[in-house]
Amino acid sequence: MSYKVDFKEVSTIGFESSPFAAALAGLRANEARYFWNKYKHEFVTVSADEALDTLAWIEKILQERELVFPYKALEVSDFEVEGTRFSYVFYENGLSVNVMYSLSEEGKRAVGFKLSEGMEVPKELEGKFKFARQKSKLAGVIRGSYFVIKGSY
């Protein structure tokens with residue numbers, strides 16, 4: 001079942017099992033606000049069980065850096081805006097992973113990581129990435145990092 005993310009009334013729908021449900025919901029709402037303000041695109045998620053192909057695609061890209069997350073994926077989003085594919089996975093432990101993948105060969109391609117407020121840096125990312133801090137009215141303090149995708153997927 002799909003969920004159109006509302007960034008005005010933040011909801012923990014889909015994240016009830018997460019110890020960081022409120023912070024993760026704020027993180028998701030922050031993404032929804034960004035896409036609405038920049039592209040007038042509605043951010044819609046589905047249960048990870050309904051988007052196994054997208055989840056597998058993200059996991060394949062993460063293999064570039066030998067990253068495998070043992071965390072339960074709760075929700076996934078996958079859409080195209082202005083020639084770029086955006087894919088998200090929100091994990092139960094509070095981690096959000098997003099892929100920005102330009103459909104043109106010369107475009108930008110990267111994987112981003114965002115940590116919900118209050119969560120520790122996952123051991124898979126510890127020491128491999130530096131995390132910058134960003135304040136958000138919806139998500140509190142977000143810590144984020146990224147890497148540039150080298151392969152073609």
# chains A, B, ... in the order shown; residues from 1 in each chain; ligands from 1
>>> closest_atom_pairs(of="segment 24-74 of chain A", to="segment 105-111 of chain A", cutoff="12 Å", atoms="only C-alpha atoms", output="tab-separated table")
residue	atom	partner	partner_atom	distance
A:Trp57	CA	A:Val111	CA	11.9
A:Ile58	CA	A:Val111	CA	8.8
A:Glu59	CA	A:Val111	CA	10.8
A:Lys60	CA	A:Val111	CA	11.6
A:Ile61	CA	A:Val111	CA	8.2
A:Leu62	CA	A:Val111	CA	7.9
A:Gln63	CA	A:Val111	CA	11.4
A:Glu64	CA	A:Val111	CA	10.4
A:Arg65	CA	A:Val111	CA	10.4
A:Leu67	CA	A:Val111	CA	11.5
>>> residues_around(residues="Ala25 of chain A", least_positions_apart="5", cutoff="10 Å", atoms="only C-alpha atoms", output="list in words")
Val5, Asp6, Phe7, Val10, Ser11, Thr12, Ile13, Gly14, Phe15, Glu16, Ser18, Phe20, Asn30, Glu31, Phe90, Gly94, Ser116, Leu138 and Ala139 of chain A
>>> write_last_selection(atoms="N, CA, C and O atoms", output="compact mmCIF listing (two decimals), in the first residue's frame")
# COMPACT_ATOMS: atom_id res chain seq x y z
N VAL A 5 3.52 11.04 1.46
CA VAL A 5 4.11 11.65 2.65
C VAL A 5 3.63 13.09 2.78
O VAL A 5 3.74 13.88 1.85
N ASP A 6 3.12 13.40 3.95
CA ASP A 6 2.63 14.74 4.27
C ASP A 6 3.70 15.43 5.10
O ASP A 6 4.03 14.98 6.20
N PHE A 7 4.26 16.52 4.59
CA PHE A 7 5.31 17.20 5.34
C PHE A 7 4.76 18.31 6.24
O PHE A 7 5.51 18.98 6.94
N VAL A 10 3.38 15.51 10.12
CA VAL A 10 4.31 14.39 10.11
C VAL A 10 3.68 13.18 10.81
O VAL A 10 3.15 13.30 11.90
N SER A 11 3.73 12.04 10.13
CA SER A 11 3.14 10.81 10.65
C SER A 11 4.17 9.70 10.69
O SER A 11 5.03 9.60 9.81
N THR A 12 4.06 8.84 11.69
CA THR A 12 4.96 7.69 11.81
C THR A 12 4.42 6.46 11.09
O THR A 12 4.97 5.36 11.26
N ILE A 13 3.40 6.62 10.26
CA ILE A 13 2.84 5.49 9.51
C ILE A 13 3.97 4.74 8.79
O ILE A 13 4.77 5.35 8.10
N GLY A 14 4.02 3.43 9.00
CA GLY A 14 5.03 2.59 8.37
C GLY A 14 6.29 2.43 9.20
O GLY A 14 7.10 1.54 8.94
N PHE A 15 6.46 3.29 10.20
CA PHE A 15 7.69 3.26 11.00
C PHE A 15 7.43 2.86 12.46
O PHE A 15 8.30 3.03 13.31
N GLU A 16 6.26 2.35 12.75
CA GLU A 16 5.89 2.06 14.13
C GLU A 16 6.87 1.13 14.84
O GLU A 16 7.06 1.24 16.05
N SER A 18 10.10 1.03 14.53
CA SER A 18 11.41 1.63 14.69
C SER A 18 11.54 2.33 16.04
O SER A 18 10.65 3.07 16.44
N PHE A 20 13.27 4.76 16.42
CA PHE A 20 13.44 6.15 16.01
C PHE A 20 12.28 6.60 15.12
O PHE A 20 12.46 7.42 14.22
N ASN A 30 11.00 15.54 5.64
CA ASN A 30 11.98 16.52 5.14
C ASN A 30 12.27 16.27 3.66
O ASN A 30 12.37 17.22 2.87
N GLU A 31 12.40 15.01 3.28
CA GLU A 31 12.62 14.66 1.86
C GLU A 31 11.40 15.06 1.03
O GLU A 31 11.53 15.60 -0.07
N PHE A 90 14.18 3.35 3.72
CA PHE A 90 14.18 3.77 5.12
C PHE A 90 14.23 2.50 5.97
O PHE A 90 13.36 1.63 5.85
N GLY A 94 16.68 3.54 11.78
CA GLY A 94 16.73 5.00 11.65
C GLY A 94 17.56 5.51 10.49
O GLY A 94 17.62 6.71 10.23
N SER A 116 18.85 9.34 11.38
CA SER A 116 17.82 9.96 12.19
C SER A 116 18.43 10.52 13.47
O SER A 116 19.40 9.95 14.00
N LEU A 138 11.61 19.67 10.60
CA LEU A 138 10.86 18.42 10.58
C LEU A 138 11.61 17.25 11.21
O LEU A 138 11.00 16.37 11.81
N ALA A 139 12.92 17.23 11.05
CA ALA A 139 13.69 16.05 11.45
C ALA A 139 14.70 16.30 12.56
O ALA A 139 15.44 15.38 12.93
>>> residues_around(residues="segment 42-45 of chain A", least_positions_apart="2", cutoff="7 Å", atoms="only C-alpha atoms", output="list in words")
Ser2, Tyr3, Lys4, Val5, Ala32, Phe35, Trp36, Lys40, Ser47, Glu75, Val76 and Ser77 of chain A
>>> closest_residue(among="A:Gly127, A:Tyr91, A:Ser145, A:Thr84", to="Phe113 of chain A", atoms="only C-alpha atoms")
A:Ser145
>>> atom_distance(atom1="atom CA of Ala21 of chain A", atom2="atom CA of Lys130 of chain A")
24.2 Å
>>> select_by_dssp(residues="chain A", states="helix (DSSP H, G or I)", output="number ranges by chain")
A: 21-39, 48-50, 52-65
>>> select_by_dssp(residues="segment 45-114 of chain A", states="strand (DSSP E)", output="ChimeraX atom specification")
/A:45-47,73-81,84-91,95-102,109-114
>>> write_last_selection(atoms="N, CA, C and O atoms", output="short mmCIF file (atom, residue, chain, number, x, y, z; two decimals), in the first residue's frame")
data_model
loop_
_atom_site.label_atom_id
_atom_site.label_comp_id
_atom_site.auth_asym_id
_atom_site.auth_seq_id
_atom_site.Cartn_x
_atom_site.Cartn_y
_atom_site.Cartn_z
N THR A 45 5.81 6.65 -0.69
CA THR A 45 6.56 5.47 -0.30
C THR A 45 5.64 4.25 -0.32
O THR A 45 4.42 4.39 -0.29
N VAL A 46 6.26 3.09 -0.39
CA VAL A 46 5.54 1.82 -0.28
C VAL A 46 6.31 0.95 0.71
O VAL A 46 7.49 1.18 0.97
N SER A 47 5.66 -0.06 1.22
CA SER A 47 6.32 -1.02 2.09
C SER A 47 7.47 -1.66 1.32
O SER A 47 7.36 -1.92 0.12
N ALA A 73 14.42 -3.26 6.20
CA ALA A 73 13.93 -2.16 5.37
C ALA A 73 12.43 -2.02 5.62
O ALA A 73 11.70 -3.01 5.53
N LEU A 74 11.99 -0.80 5.93
CA LEU A 74 10.57 -0.58 6.21
C LEU A 74 9.83 -0.02 5.01
O LEU A 74 8.76 -0.50 4.66
N GLU A 75 10.39 1.02 4.41
CA GLU A 75 9.73 1.66 3.27
C GLU A 75 10.72 2.01 2.18
O GLU A 75 11.91 2.21 2.45
N VAL A 76 10.19 2.09 0.96
CA VAL A 76 10.99 2.38 -0.22
C VAL A 76 10.23 3.39 -1.08
O VAL A 76 9.00 3.39 -1.11
N SER A 77 10.99 4.23 -1.75
CA SER A 77 10.42 5.15 -2.72
C SER A 77 11.29 5.11 -3.96
O SER A 77 12.51 4.98 -3.86
N ASP A 78 10.68 5.21 -5.12
CA ASP A 78 11.42 5.16 -6.39
C ASP A 78 10.65 5.97 -7.41
O ASP A 78 9.48 5.70 -7.67
N PHE A 79 11.31 7.00 -7.99
CA PHE A 79 10.63 7.85 -8.96
C PHE A 79 11.66 8.57 -9.82
O PHE A 79 12.85 8.56 -9.52
N GLU A 80 11.18 9.15 -10.90
CA GLU A 80 12.03 9.91 -11.82
C GLU A 80 11.52 11.34 -11.90
O GLU A 80 10.32 11.57 -12.04
N VAL A 81 12.46 12.28 -11.80
CA VAL A 81 12.14 13.70 -11.93
C VAL A 81 13.23 14.35 -12.77
O VAL A 81 14.42 14.20 -12.47
N THR A 84 16.34 12.32 -13.75
CA THR A 84 17.10 11.69 -12.68
C THR A 84 16.20 10.73 -11.92
O THR A 84 15.07 11.07 -11.57
N ARG A 85 16.72 9.54 -11.68
CA ARG A 85 16.00 8.55 -10.87
C ARG A 85 16.42 8.74 -9.41
O ARG A 85 17.61 8.82 -9.10
N PHE A 86 15.45 8.81 -8.54
CA PHE A 86 15.67 8.91 -7.11
C PHE A 86 15.07 7.67 -6.45
O PHE A 86 13.90 7.35 -6.68
N SER A 87 15.87 7.00 -5.64
CA SER A 87 15.39 5.82 -4.93
C SER A 87 15.80 5.94 -3.47
O SER A 87 16.93 6.32 -3.16
N TYR A 88 14.87 5.61 -2.60
CA TYR A 88 15.08 5.70 -1.16
C TYR A 88 14.73 4.39 -0.49
O TYR A 88 13.82 3.71 -0.91
N VAL A 89 15.44 4.10 0.60
CA VAL A 89 15.05 3.03 1.51
C VAL A 89 15.21 3.57 2.92
O VAL A 89 16.21 4.21 3.25
N PHE A 90 14.18 3.35 3.72
CA PHE A 90 14.18 3.77 5.12
C PHE A 90 14.23 2.50 5.97
O PHE A 90 13.36 1.63 5.85
N TYR A 91 15.27 2.41 6.82
CA TYR A 91 15.49 1.22 7.63
C TYR A 91 14.96 1.40 9.04
O TYR A 91 14.92 2.51 9.57
N LEU A 95 18.19 4.61 9.75
CA LEU A 95 19.02 4.97 8.60
C LEU A 95 18.15 5.16 7.36
O LEU A 95 17.22 4.41 7.11
N SER A 96 18.49 6.19 6.59
CA SER A 96 17.87 6.41 5.28
C SER A 96 18.98 6.40 4.23
O SER A 96 20.00 7.06 4.41
N VAL A 97 18.77 5.63 3.18
CA VAL A 97 19.72 5.58 2.06
C VAL A 97 18.99 6.05 0.82
O VAL A 97 17.88 5.61 0.55
N ASN A 98 19.62 6.96 0.09
CA ASN A 98 19.01 7.41 -1.15
C ASN A 98 20.02 7.34 -2.30
O ASN A 98 21.22 7.53 -2.10
N VAL A 99 19.50 7.02 -3.46
CA VAL A 99 20.31 6.98 -4.68
C VAL A 99 19.79 8.04 -5.62
O VAL A 99 18.60 8.10 -5.91
N MET A 100 20.70 8.91 -6.07
CA MET A 100 20.40 9.90 -7.10
C MET A 100 21.16 9.44 -8.34
O MET A 100 22.39 9.37 -8.32
N TYR A 101 20.42 9.06 -9.38
CA TYR A 101 21.04 8.42 -10.53
C TYR A 101 20.57 9.09 -11.82
O TYR A 101 19.45 8.85 -12.28
N SER A 102 21.43 9.94 -12.37
CA SER A 102 21.09 10.61 -13.62
C SER A 102 20.93 9.59 -14.74
O SER A 102 21.72 8.65 -14.86
N ARG A 109 25.64 11.06 -10.22
CA ARG A 109 25.16 9.80 -9.64
C ARG A 109 25.83 9.63 -8.29
O ARG A 109 27.05 9.64 -8.20
N ALA A 110 25.01 9.48 -7.25
CA ALA A 110 25.56 9.37 -5.90
C ALA A 110 24.61 8.62 -4.99
O ALA A 110 23.41 8.50 -5.26
N VAL A 111 25.18 8.12 -3.90
CA VAL A 111 24.42 7.48 -2.83
C VAL A 111 24.57 8.35 -1.60
O VAL A 111 25.68 8.75 -1.24
N GLY A 112 23.43 8.66 -0.96
CA GLY A 112 23.46 9.46 0.25
C GLY A 112 22.98 8.65 1.44
O GLY A 112 22.14 7.76 1.31
N PHE A 113 23.54 8.97 2.60
CA PHE A 113 23.13 8.36 3.85
C PHE A 113 22.66 9.45 4.79
O PHE A 113 23.34 10.48 4.92
N LYS A 114 21.55 9.23 5.45
CA LYS A 114 21.08 10.18 6.46
C LYS A 114 20.73 9.39 7.71
O LYS A 114 20.09 8.33 7.63
#
>>> residues_around(residues="Glu117 of chain A", least_positions_apart="2", cutoff="8 Å", atoms="only C-alpha atoms", output="list in words")
Phe20, Ala23, Leu24, Leu115, Met119, Ala139, Gly140, Val141, Ile142 and Arg143 of chain A
>>> write_last_selection(atoms="N, CA and C atoms", output="PDB file, in the first residue's frame")
ATOM      1  N   PHE A  20      13.273   4.759  16.419  1.00  0.00           N
ATOM      2  CA  PHE A  20      13.440   6.150  16.011  1.00  0.00           C
ATOM      3  C   PHE A  20      12.280   6.597  15.124  1.00  0.00           C
ATOM      4  N   ALA A  23      11.703  10.447  14.637  1.00  0.00           N
ATOM      5  CA  ALA A  23      12.816  11.081  13.924  1.00  0.00           C
ATOM      6  C   ALA A  23      12.872  10.612  12.472  1.00  0.00           C
ATOM      7  N   LEU A  24      12.631   9.322  12.239  1.00  0.00           N
ATOM      8  CA  LEU A  24      12.644   8.775  10.879  1.00  0.00           C
ATOM      9  C   LEU A  24      11.492   9.356  10.062  1.00  0.00           C
ATOM     10  N   LEU A 115      21.149   9.927   8.844  1.00  0.00           N
ATOM     11  CA  LEU A 115      20.920   9.282  10.125  1.00  0.00           C
ATOM     12  C   LEU A 115      19.848  10.053  10.886  1.00  0.00           C
ATOM     13  N   MET A 119      20.251   8.459  16.660  1.00  0.00           N
ATOM     14  CA  MET A 119      20.838   7.147  16.368  1.00  0.00           C
ATOM     15  C   MET A 119      22.355   7.243  16.267  1.00  0.00           C
ATOM     16  N   ALA A 139      12.923  17.230  11.054  1.00  0.00           N
ATOM     17  CA  ALA A 139      13.692  16.047  11.455  1.00  0.00           C
ATOM     18  C   ALA A 139      14.704  16.299  12.563  1.00  0.00           C
ATOM     19  N   GLY A 140      14.767  17.504  13.086  1.00  0.00           N
ATOM     20  CA  GLY A 140      15.771  17.794  14.107  1.00  0.00           C
ATOM     21  C   GLY A 140      17.143  17.920  13.470  1.00  0.00           C
ATOM     22  N   VAL A 141      18.144  17.304  14.076  1.00  0.00           N
ATOM     23  CA  VAL A 141      19.501  17.330  13.529  1.00  0.00           C
ATOM     24  C   VAL A 141      19.696  16.082  12.675  1.00  0.00           C
ATOM     25  N   ILE A 142      19.973  16.305  11.403  1.00  0.00           N
ATOM     26  CA  ILE A 142      20.229  15.210  10.460  1.00  0.00           C
ATOM     27  C   ILE A 142      21.733  15.145  10.247  1.00  0.00           C
ATOM     28  N   ARG A 143      22.282  13.951  10.319  1.00  0.00           N
ATOM     29  CA  ARG A 143      23.680  13.760   9.949  1.00  0.00           C
ATOM     30  C   ARG A 143      23.690  13.023   8.619  1.00  0.00           C
TER      31      ARG A 143
END
>>> closest_residue(among="A:Ala132, A:Met1, A:Leu125, A:Val148", to="Glu50 of chain A", atoms="only C-alpha atoms")
A:Met1
